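Everything below belongs to run.cif, which stores mmCIF, C-alpha atoms and all ligand atoms.
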data_final
loop_
_atom_site.label_atom_id
_atom_site.label_comp_id
_atom_site.auth_asym_id
_atom_site.auth_seq_id
_atom_site.Cartn_x
_atom_site.Cartn_y
_atom_site.Cartn_z
CA MET A 1 -31.71 9.53 13.02
CA ASN A 2 -32.06 7.06 10.15
CA LEU A 3 -29.37 7.36 7.50
CA SER A 4 -30.03 6.35 3.92
CA ARG A 5 -27.40 4.16 2.25
CA ARG A 6 -26.37 7.18 0.14
CA ASP A 7 -25.89 9.34 3.30
CA PHE A 8 -23.91 6.55 4.89
CA LEU A 9 -21.62 6.14 1.87
CA ASN A 10 -21.11 9.91 1.71
CA ILE A 11 -20.02 9.92 5.35
CA CYS A 12 -17.66 7.04 4.62
CA LYS A 13 -16.19 8.90 1.65
CA THR A 14 -15.77 12.02 3.77
CA SER A 15 -13.82 9.93 6.26
CA ALA A 16 -11.66 8.67 3.43
CA MET A 17 -11.00 12.23 2.34
CA ALA A 18 -9.63 12.95 5.84
CA VAL A 19 -6.56 10.99 4.72
CA GLY A 20 -7.01 11.93 1.07
CA LEU A 21 -5.62 14.57 -1.23
CA THR A 22 -6.80 18.16 -1.10
CA ALA A 23 -7.90 20.15 -4.13
CA LEU A 24 -4.64 22.10 -3.80
CA ASP A 25 -2.64 18.85 -3.87
CA ILE A 26 -4.40 17.85 -7.08
CA LEU A 27 -3.78 21.26 -8.62
CA ARG A 28 -0.07 21.13 -7.77
CA LEU A 29 0.24 17.63 -9.17
CA GLU A 30 -1.46 18.69 -12.40
CA GLU A 31 0.90 21.67 -12.68
CA LEU A 32 3.97 19.51 -12.10
CA PHE A 33 2.76 17.05 -14.70
CA ALA A 34 1.81 19.70 -17.28
CA ASN A 35 5.16 21.49 -16.85
CA GLY A 36 7.11 18.28 -17.32
CA ALA A 37 8.46 18.74 -13.79
CA ALA A 38 6.81 15.66 -12.29
CA PRO A 39 9.46 13.17 -11.16
CA THR A 40 9.66 9.92 -13.05
CA VAL A 41 8.10 7.05 -11.14
CA LEU A 42 9.44 3.51 -11.60
CA TRP A 43 7.27 0.73 -10.16
CA LEU A 44 9.00 -2.65 -9.75
CA GLN A 45 7.34 -5.93 -8.81
CA GLY A 46 9.17 -8.67 -6.94
CA ALA A 47 8.04 -11.53 -4.70
CA GLY A 48 4.35 -10.78 -4.33
CA CYS A 49 0.95 -11.50 -5.83
CA THR A 50 0.43 -8.23 -7.82
CA GLY A 51 -2.46 -7.51 -5.45
CA CYS A 52 -1.03 -4.08 -4.59
CA SER A 53 -1.13 -3.10 -8.27
CA VAL A 54 -4.69 -4.42 -8.53
CA SER A 55 -5.60 -2.37 -5.48
CA PHE A 56 -4.10 0.78 -7.05
CA LEU A 57 -5.98 0.11 -10.31
CA ASN A 58 -9.21 -0.09 -8.27
CA TYR A 59 -8.80 3.53 -7.16
CA THR A 60 -12.00 5.50 -7.45
CA ALA A 61 -13.09 8.93 -6.22
CA SER A 62 -16.03 11.24 -6.74
CA ALA A 63 -13.87 14.08 -8.11
CA LYS A 64 -10.97 14.11 -10.57
CA PRO A 65 -8.71 12.20 -10.54
CA ALA A 66 -11.59 9.76 -10.37
CA SER A 67 -9.70 6.64 -11.38
CA ALA A 68 -6.23 5.18 -11.73
CA ALA A 69 -6.47 5.98 -15.45
CA ASP A 70 -7.00 9.69 -14.62
CA ILE A 71 -3.99 9.63 -12.31
CA LEU A 72 -1.77 8.06 -14.95
CA LEU A 73 -2.93 10.44 -17.67
CA ASP A 74 -2.88 13.70 -15.69
CA ASN A 75 -0.90 13.44 -12.47
CA VAL A 76 1.83 10.82 -12.22
CA ASN A 77 4.63 10.19 -14.70
CA LEU A 78 4.64 6.42 -14.25
CA ALA A 79 7.34 5.42 -16.72
CA TYR A 80 7.75 1.78 -15.74
CA HIS A 81 5.16 -0.66 -14.42
CA PRO A 82 5.23 -4.30 -15.58
CA ASN A 83 1.43 -4.55 -15.91
CA VAL A 84 0.32 -1.22 -17.36
CA MET A 85 3.18 0.01 -19.57
CA ASP A 86 3.06 -0.79 -23.26
CA ALA A 87 6.84 -1.15 -23.52
CA ALA A 88 8.32 -4.64 -23.35
CA GLY A 89 11.68 -6.33 -23.75
CA SER A 90 14.65 -4.09 -24.54
CA SER A 91 12.50 -0.93 -24.83
CA ALA A 92 11.27 -1.48 -21.25
CA VAL A 93 14.82 -2.02 -20.02
CA LYS A 94 15.82 1.21 -21.80
CA ILE A 95 13.27 3.12 -19.68
CA ILE A 96 14.99 1.80 -16.58
CA ASP A 97 18.46 2.56 -17.92
CA ASP A 98 17.52 6.12 -18.98
CA ALA A 99 15.97 6.87 -15.59
CA SER A 100 18.92 5.34 -13.80
CA ALA A 101 21.40 7.49 -15.76
CA LYS A 102 19.46 10.62 -14.81
CA GLY A 103 18.68 9.70 -11.17
CA GLY A 104 16.21 11.52 -8.91
CA TYR A 105 13.23 9.27 -9.70
CA ILE A 106 10.72 7.91 -7.24
CA LEU A 107 11.25 4.18 -6.86
CA VAL A 108 8.09 2.28 -5.99
CA VAL A 109 8.60 -1.32 -4.94
CA GLU A 110 5.86 -3.93 -4.71
CA GLY A 111 6.76 -7.36 -3.39
CA GLY A 112 9.57 -8.64 -1.24
CA VAL A 113 13.18 -9.17 -2.27
CA PRO A 114 14.39 -12.80 -2.50
CA THR A 115 17.99 -12.96 -1.36
CA ALA A 116 18.81 -16.70 -1.42
CA PHE A 117 20.28 -18.47 -4.48
CA GLY A 118 22.16 -15.33 -5.43
CA GLY A 119 18.81 -13.56 -5.84
CA ASN A 120 17.92 -15.82 -8.78
CA ALA A 121 14.53 -16.81 -7.33
CA CYS A 122 13.20 -13.59 -8.89
CA VAL A 123 14.40 -11.98 -12.12
CA ALA A 124 13.33 -8.40 -12.85
CA TRP A 125 14.35 -8.26 -16.51
CA THR A 126 16.97 -9.42 -19.00
CA ARG A 127 19.56 -7.00 -20.34
CA GLY A 128 21.07 -8.41 -23.50
CA ASP A 129 21.37 -12.07 -22.61
CA LYS A 130 21.95 -11.49 -18.91
CA ASP A 131 19.22 -11.88 -16.29
CA VAL A 132 19.03 -9.07 -13.74
CA THR A 133 17.78 -10.33 -10.39
CA PHE A 134 15.16 -8.37 -8.54
CA LYS A 135 17.64 -7.97 -5.69
CA ASP A 136 20.22 -6.34 -7.99
CA ALA A 137 17.54 -4.23 -9.72
CA VAL A 138 16.20 -2.83 -6.43
CA THR A 139 19.64 -2.33 -4.92
CA GLY A 140 20.95 -0.56 -8.02
CA LEU A 141 17.93 1.70 -8.51
CA ALA A 142 17.61 2.50 -4.80
CA ALA A 143 21.05 4.10 -4.89
CA LYS A 144 19.94 6.89 -7.26
CA ALA A 145 16.30 7.31 -6.19
CA SER A 146 15.13 10.53 -4.57
CA THR A 147 12.51 8.58 -2.65
CA ILE A 148 11.76 4.90 -2.17
CA ILE A 149 8.17 3.88 -1.51
CA CYS A 150 7.29 0.36 -0.50
CA ILE A 151 3.76 -0.42 -1.59
CA GLY A 152 2.50 -3.26 0.57
CA THR A 153 3.72 -5.26 3.52
CA CYS A 154 5.85 -7.64 1.38
CA ALA A 155 8.04 -4.80 0.06
CA ALA A 156 8.22 -3.16 3.48
CA TRP A 157 9.11 -6.17 5.62
CA GLY A 158 8.74 -9.37 3.60
CA GLY A 159 5.06 -10.00 4.40
CA LEU A 160 3.43 -13.14 3.08
CA ALA A 161 6.27 -13.72 0.66
CA ALA A 162 8.60 -14.09 3.65
CA ALA A 163 6.33 -16.40 5.65
CA ALA A 164 8.02 -19.47 7.13
CA PRO A 165 9.84 -21.46 5.92
CA ASN A 166 10.86 -18.72 3.45
CA PRO A 167 13.28 -20.82 1.36
CA ALA A 168 14.06 -17.86 -0.94
CA ALA A 169 15.04 -15.73 2.10
CA VAL A 170 12.67 -12.92 1.10
CA ARG A 171 13.28 -9.64 2.93
CA GLY A 172 11.99 -6.09 2.84
CA VAL A 173 13.57 -3.34 0.74
CA LYS A 174 15.19 -1.45 3.62
CA ALA A 175 16.68 -4.66 5.04
CA VAL A 176 18.28 -5.41 1.68
CA THR A 177 19.33 -1.94 0.50
CA GLY A 178 19.98 -0.20 3.82
CA LYS A 179 17.98 2.76 2.48
CA ASN A 180 15.11 4.40 4.32
CA THR A 181 11.73 3.69 2.74
CA ILE A 182 8.25 5.15 3.02
CA ASN A 183 6.11 2.15 3.82
CA ILE A 184 2.53 2.18 2.60
CA ALA A 185 1.68 -0.99 4.48
CA GLY A 186 -1.18 -3.38 3.84
CA CYS A 187 -1.87 -6.67 2.13
CA PRO A 188 -2.77 -4.94 -0.07
CA PRO A 189 -2.82 -1.28 0.96
CA HIS A 190 -6.06 0.58 0.27
CA PRO A 191 -6.03 2.38 -3.13
CA ASP A 192 -6.49 5.74 -1.35
CA TRP A 193 -3.35 5.10 0.72
CA ILE A 194 -1.32 4.14 -2.37
CA VAL A 195 -2.40 7.23 -4.30
CA TRP A 196 -1.83 9.43 -1.25
CA GLY A 197 1.66 8.00 -0.69
CA ILE A 198 2.84 8.48 -4.27
CA ALA A 199 1.22 11.91 -4.64
CA LYS A 200 2.56 13.21 -1.33
CA ALA A 201 6.03 11.88 -2.15
CA MET A 202 5.91 13.81 -5.44
CA LEU A 203 4.89 16.95 -3.50
CA LYS A 204 7.46 16.20 -0.76
CA GLN A 205 4.67 16.31 1.82
CA VAL A 206 4.60 12.82 3.28
CA GLY A 207 5.26 14.21 6.77
CA THR A 208 6.59 12.25 9.68
CA LEU A 209 6.91 8.50 9.66
CA ASP A 210 6.43 6.12 12.56
CA SER A 211 9.19 3.81 13.75
CA TYR A 212 8.25 1.32 11.02
CA GLY A 213 8.50 3.87 8.22
CA ARG A 214 4.72 4.30 7.83
CA PRO A 215 3.36 7.85 7.33
CA LYS A 216 1.70 8.92 10.57
CA ALA A 217 -0.96 10.68 8.51
CA LEU A 218 -2.23 7.25 7.45
CA TYR A 219 -1.24 4.94 10.29
CA SER A 220 -1.60 6.93 13.51
CA SER A 221 -4.62 5.18 15.00
CA THR A 222 -5.29 1.51 15.45
CA VAL A 223 -8.17 -0.30 13.78
CA HIS A 224 -9.56 -0.89 17.28
CA ASP A 225 -9.44 2.86 18.11
CA ARG A 226 -12.03 3.62 15.44
CA CYS A 227 -13.87 0.32 15.23
CA PRO A 228 -17.67 0.72 15.41
CA ARG A 229 -17.82 -2.57 17.34
CA ARG A 230 -15.62 -1.28 20.14
CA GLY A 231 -17.37 -1.76 23.49
CA THR A 232 -19.86 -4.27 22.13
CA GLU A 233 -20.22 -7.76 23.56
CA GLU A 234 -17.49 -10.12 22.34
CA THR A 235 -18.65 -13.06 20.26
CA HIS A 236 -17.19 -16.56 20.41
CA THR A 237 -18.51 -17.70 17.06
CA TYR A 238 -18.34 -16.30 13.55
CA GLY A 239 -21.26 -14.71 11.74
CA GLN A 240 -22.54 -12.53 14.59
CA ASP A 241 -23.42 -9.13 13.20
CA GLY A 242 -22.36 -6.09 15.20
CA ARG A 243 -20.32 -7.92 17.89
CA CYS A 244 -16.65 -7.54 18.71
CA VAL A 245 -14.55 -10.39 17.29
CA LYS A 246 -11.58 -9.97 19.66
CA GLU A 247 -12.09 -13.42 21.19
CA LEU A 248 -11.76 -14.93 17.72
CA GLY A 249 -8.29 -13.42 17.34
CA CYS A 250 -8.96 -9.93 15.96
CA CYS A 251 -5.67 -8.06 15.57
CA GLY A 252 -7.40 -4.65 15.51
CA PRO A 253 -6.03 -3.48 18.90
CA ALA A 254 -2.41 -3.91 17.68
CA THR A 255 -2.86 -2.86 14.05
CA ARG A 256 -2.38 0.68 12.80
CA ALA A 257 -4.65 1.36 9.81
CA ALA A 258 -7.52 3.64 8.85
CA CYS A 259 -9.83 0.88 7.61
CA PRO A 260 -12.90 1.68 9.79
CA GLY A 261 -12.98 5.19 8.29
CA THR A 262 -11.65 4.52 4.80
CA ARG A 263 -13.52 1.22 4.32
CA TRP A 264 -12.92 -0.74 1.12
CA ASN A 265 -14.41 -1.16 -2.35
CA ASN A 266 -15.44 2.46 -2.65
CA GLY A 267 -16.64 2.63 0.94
CA THR A 268 -18.80 -0.49 0.70
CA ASN A 269 -17.44 -2.50 3.62
CA TRP A 270 -14.34 -3.56 5.53
CA CYS A 271 -13.01 -6.68 7.26
CA VAL A 272 -14.75 -6.45 10.65
CA ASP A 273 -18.06 -5.22 9.22
CA ALA A 274 -17.98 -8.29 6.98
CA ASN A 275 -17.80 -10.33 10.23
CA SER A 276 -14.20 -11.26 9.53
CA LEU A 277 -11.25 -10.34 11.74
CA CYS A 278 -8.67 -7.68 11.29
CA ILE A 279 -5.70 -9.93 10.50
CA GLY A 280 -3.12 -7.21 11.08
CA CYS A 281 -2.04 -6.83 7.46
CA THR A 282 -0.38 -3.43 7.95
CA GLU A 283 2.02 -4.61 10.65
CA PRO A 284 5.63 -5.84 10.30
CA THR A 285 4.56 -8.98 12.20
CA PHE A 286 2.10 -9.99 9.46
CA PRO A 287 1.41 -12.86 8.78
CA LEU A 288 3.22 -14.43 11.75
CA GLU A 289 1.10 -12.76 14.43
CA THR A 290 -2.08 -13.70 12.60
CA LEU A 291 -1.04 -17.35 12.50
CA ARG A 292 -0.07 -17.27 16.20
CA LYS A 293 -3.47 -15.89 17.13
CA ALA A 294 -5.28 -18.38 14.91
CA ALA A 295 -3.40 -21.16 16.71
CA GLY A 296 -4.43 -19.65 20.06
CA VAL A 297 -0.83 -18.84 20.97
CA GLY A 298 -0.93 -15.08 20.68
CA GLY A 299 -3.75 -14.41 23.15
S1 LIG B 301 -13.77 -6.22 16.38
FE1 LIG B 301 -11.53 -6.03 16.61
S2 LIG B 301 -11.07 -3.91 16.10
FE2 LIG B 301 -13.29 -4.03 16.49
S3 LIG B 301 -13.56 -3.56 18.68
FE3 LIG B 301 -13.33 -5.77 18.55
S4 LIG B 301 -11.12 -6.16 18.82
FE4 LIG B 301 -11.36 -3.99 18.33
S1 LIG B 302 -9.00 -4.29 8.86
FE1 LIG B 302 -6.96 -5.10 9.36
S2 LIG B 302 -6.71 -6.92 8.01
FE2 LIG B 302 -8.45 -5.69 7.21
S3 LIG B 302 -7.46 -4.41 5.62
FE3 LIG B 302 -7.51 -3.22 7.55
S4 LIG B 302 -5.50 -3.59 8.53
FE4 LIG B 302 -5.78 -5.16 6.94
#
Before we go any further, please render this structure as structure tokens.
Amino acid sequence: MNLSRRDFLNICKTSAMAVGLTALDILRLEELFANGAAPTVLWLQGAGCTGCSVSFLNYTASAKPASAADILLDNVNLAYHPNVMDAAGSSAVKIIDDASAKGGYILVVEGGVPTAFGGNACVAWTRGDKDVTFKDAVTGLAAKASTIICIGTCAAWGGLAAAAPNPAAVRGVKAVTGKNTINIAGCPPHPDWIVWGIAKAMLKQVGTLDSYGRPKALYSSTVHDRCPRRGTEETHTYGQDGRCVKELGCCGPATRAACPGTRWNNGTNWCVDANSLCIGCTEPTFPLETLRKAAGVGG
């Protein structure tokens, strides 16, 4: 059977919906939001590249909410986000202080937490004339949060920001705060996973987590489990369409992520189909394991 590109993309999108939100989820979110009962969401950014925020802003779907703008207008009460809020300076700090006084918010953290130099390698904001380090901001807000969501591998375990030699001693949120976190892993995570994680946290329906704090609904199978190149002849050089890239260091067999089904850029493609490797970006070992494999040490 020959599939048209449109059929193919529809199948891809259907796969994405397997880990997506249901119509009932959307309805409940809209009701929460309309009734003023949606929890406040505070999104902090620490030691990272802002790529997770960019990924979220790239969210797109065929039905409403069809974009990040739809989500922010109709579904999620995102009170604080350094890139998209219009507040700045003392009015932005007041948002944090008001939410902190009330408690019960969802704390979203993007980026790792620098712990060396008294935390002064990363400043979250200035209150009065006093800098508040990202470490103190996360630690303080984590104490009164109903839920803490790490968006991206840096917030979850340090990720690229904690790569050797890591002079700022960057660590993940749980390691610094001692609080359990829901880890939406990836460098960056797919927009569908980010939206799913925040929405399901609001609905209290994240479900069980694996031993690394990742929702099993998103991270139960490995990339290799669902890879369309599984069982094909392994290639020893780059640029070979349709052939398994395990010999080149593909981390797919040890990486839990839904990429072969979700695909990226609105279902257009994903790492292996672009003849690249899975570099294991959803794992706590990232980027160390990737570098080991690239050096031929990891096997
Ligand atoms: S390309 Fe990677 S993920 Fe795909 S079958 Fe080969 S080893 Fe597995
Ligand atoms: S295929 Fe691997 S490296 Fe690529 S986005 Fe998915 S988990 Fe990350």
Go through A:Val132, A:Ala47, A:Val123, A:Ala79 and flag the residue nearest Ala168 (chain A), using only C-alpha atoms for the distances.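 Smallest separation from Ala168 (chain A) among the options: A:Ala47.
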Review point. Looking at A:Asn266, A:Thr255, A:Gln45, A:Thr133, which one is nearest to ligand LIG 302 (chain B), with distances taken over all atoms listed in the file?
Key: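 For ligand LIG 302 (chain B), the nearest of the given residues is A:Thr255.
Candidate residues A:Ser146, A:Asn166, A:Thr235, A:Gln205 were compared for distance to Gly112 (chain A), and the nearest is A:Asn166, using all atoms listed in the file.
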task = Residues within 8 Å of ligand LIG 301 (chain B) should be enumerated using only C-alpha atoms and all ligand atoms and returned as a ChimeraX atom specification.
result = /A:222-232,234,243-247,249-253,272,277-278
Open item on the list: Just to confirm, what's the straight-line distance from CA of Glu110 (chain A) to CA of Gly178 (chain A) in Å (one decimal)?
Closed with: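 Here the two named atoms are 16.9 Å from each other.
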Because some atoms of region 204-215 of chain A are absent here, can you restore all heavy atoms and send them as an mmCIF file, in the frame of the given file?
data_model
loop_
_atom_site.group_PDB
_atom_site.id
_atom_site.type_symbol
_atom_site.label_atom_id
_atom_site.label_comp_id
_atom_site.auth_asym_id
_atom_site.auth_seq_id
_atom_site.Cartn_x
_atom_site.Cartn_y
_atom_site.Cartn_z
ATOM 1 N N LYS A 204 6.571 16.148 -1.932
ATOM 2 C CA LYS A 204 7.460 16.200 -0.760
ATOM 3 C C LYS A 204 6.691 16.586 0.509
ATOM 4 O O LYS A 204 7.122 17.423 1.300
ATOM 5 C CB LYS A 204 8.628 17.168 -0.992
ATOM 6 C CG LYS A 204 9.461 16.838 -2.235
ATOM 7 C CD LYS A 204 10.706 17.673 -2.297
ATOM 8 C CE LYS A 204 11.446 17.605 -3.607
ATOM 9 N NZ LYS A 204 11.680 16.284 -4.150
ATOM 10 N N GLN A 205 5.531 15.992 0.683
ATOM 11 C CA GLN A 205 4.670 16.310 1.820
ATOM 12 C C GLN A 205 4.211 15.062 2.585
ATOM 13 O O GLN A 205 3.106 15.051 3.125
ATOM 14 C CB GLN A 205 3.423 17.059 1.334
ATOM 15 C CG GLN A 205 3.681 18.433 0.775
ATOM 16 C CD GLN A 205 2.406 19.049 0.203
ATOM 17 O OE1 GLN A 205 1.351 18.415 0.149
ATOM 18 N NE2 GLN A 205 2.508 20.291 -0.227
ATOM 19 N N VAL A 206 5.028 14.041 2.597
ATOM 20 C CA VAL A 206 4.600 12.820 3.280
ATOM 21 C C VAL A 206 4.497 13.038 4.790
ATOM 22 O O VAL A 206 3.689 12.416 5.468
ATOM 23 C CB VAL A 206 5.578 11.657 2.963
ATOM 24 C CG1 VAL A 206 5.290 10.432 3.827
ATOM 25 C CG2 VAL A 206 5.476 11.297 1.487
ATOM 26 N N GLY A 207 5.298 13.941 5.329
ATOM 27 C CA GLY A 207 5.260 14.210 6.770
ATOM 28 C C GLY A 207 6.043 13.179 7.546
ATOM 29 O O GLY A 207 6.858 12.437 6.987
ATOM 30 N N THR A 208 5.787 13.133 8.836
ATOM 31 C CA THR A 208 6.590 12.250 9.680
ATOM 32 C C THR A 208 6.154 10.795 9.534
ATOM 33 O O THR A 208 4.991 10.493 9.245
ATOM 34 C CB THR A 208 6.492 12.658 11.165
ATOM 35 O OG1 THR A 208 5.111 12.749 11.507
ATOM 36 C CG2 THR A 208 7.165 13.978 11.417
ATOM 37 N N LEU A 209 7.146 9.938 9.733
ATOM 38 C CA LEU A 209 6.910 8.500 9.660
ATOM 39 C C LEU A 209 6.969 7.918 11.068
ATOM 40 O O LEU A 209 7.647 8.466 11.948
ATOM 41 C CB LEU A 209 7.979 7.832 8.791
ATOM 42 C CG LEU A 209 8.174 8.401 7.380
ATOM 43 C CD1 LEU A 209 9.329 7.671 6.679
ATOM 44 C CD2 LEU A 209 6.900 8.284 6.560
ATOM 45 N N ASP A 210 6.290 6.790 11.264
ATOM 46 C CA ASP A 210 6.430 6.120 12.560
ATOM 47 C C ASP A 210 7.706 5.274 12.554
ATOM 48 O O ASP A 210 8.474 5.279 11.583
ATOM 49 C CB ASP A 210 5.160 5.331 12.921
ATOM 50 C CG ASP A 210 4.929 4.115 12.023
ATOM 51 O OD1 ASP A 210 5.847 3.713 11.280
ATOM 52 O OD2 ASP A 210 3.811 3.556 12.077
ATOM 53 N N SER A 211 7.928 4.546 13.642
ATOM 54 C CA SER A 211 9.190 3.810 13.750
ATOM 55 C C SER A 211 9.312 2.682 12.731
ATOM 56 O O SER A 211 10.395 2.135 12.531
ATOM 57 C CB SER A 211 9.344 3.241 15.165
ATOM 58 O OG SER A 211 8.239 2.413 15.454
ATOM 59 N N TYR A 212 8.221 2.354 12.065
ATOM 60 C CA TYR A 212 8.250 1.320 11.020
ATOM 61 C C TYR A 212 8.234 1.928 9.619
ATOM 62 O O TYR A 212 8.001 1.216 8.641
ATOM 63 C CB TYR A 212 7.069 0.365 11.175
ATOM 64 C CG TYR A 212 7.099 -0.422 12.461
ATOM 65 C CD1 TYR A 212 6.039 -0.383 13.342
ATOM 66 C CD2 TYR A 212 8.202 -1.212 12.787
ATOM 67 C CE1 TYR A 212 6.059 -1.104 14.529
ATOM 68 C CE2 TYR A 212 8.235 -1.943 13.964
ATOM 69 C CZ TYR A 212 7.163 -1.879 14.832
ATOM 70 O OH TYR A 212 7.203 -2.598 15.995
ATOM 71 N N GLY A 213 8.429 3.231 9.528
ATOM 72 C CA GLY A 213 8.500 3.870 8.220
ATOM 73 C C GLY A 213 7.139 4.156 7.593
ATOM 74 O O GLY A 213 7.062 4.518 6.420
ATOM 75 N N ARG A 214 6.058 4.023 8.374
ATOM 76 C CA ARG A 214 4.720 4.300 7.830
ATOM 77 C C ARG A 214 4.369 5.771 8.078
ATOM 78 O O ARG A 214 4.621 6.289 9.181
ATOM 79 C CB ARG A 214 3.666 3.419 8.512
ATOM 80 C CG ARG A 214 3.875 1.945 8.298
ATOM 81 C CD ARG A 214 2.928 1.105 9.135
ATOM 82 N NE ARG A 214 3.125 1.292 10.561
ATOM 83 C CZ ARG A 214 2.633 0.494 11.505
ATOM 84 N NH1 ARG A 214 1.917 -0.567 11.158
ATOM 85 N NH2 ARG A 214 2.858 0.732 12.786
ATOM 86 N N PRO A 215 3.758 6.458 7.101
ATOM 87 C CA PRO A 215 3.360 7.850 7.330
ATOM 88 C C PRO A 215 2.347 7.922 8.482
ATOM 89 O O PRO A 215 1.339 7.206 8.486
ATOM 90 C CB PRO A 215 2.703 8.250 6.005
ATOM 91 C CG PRO A 215 3.255 7.297 4.997
ATOM 92 C CD PRO A 215 3.488 6.009 5.727
#
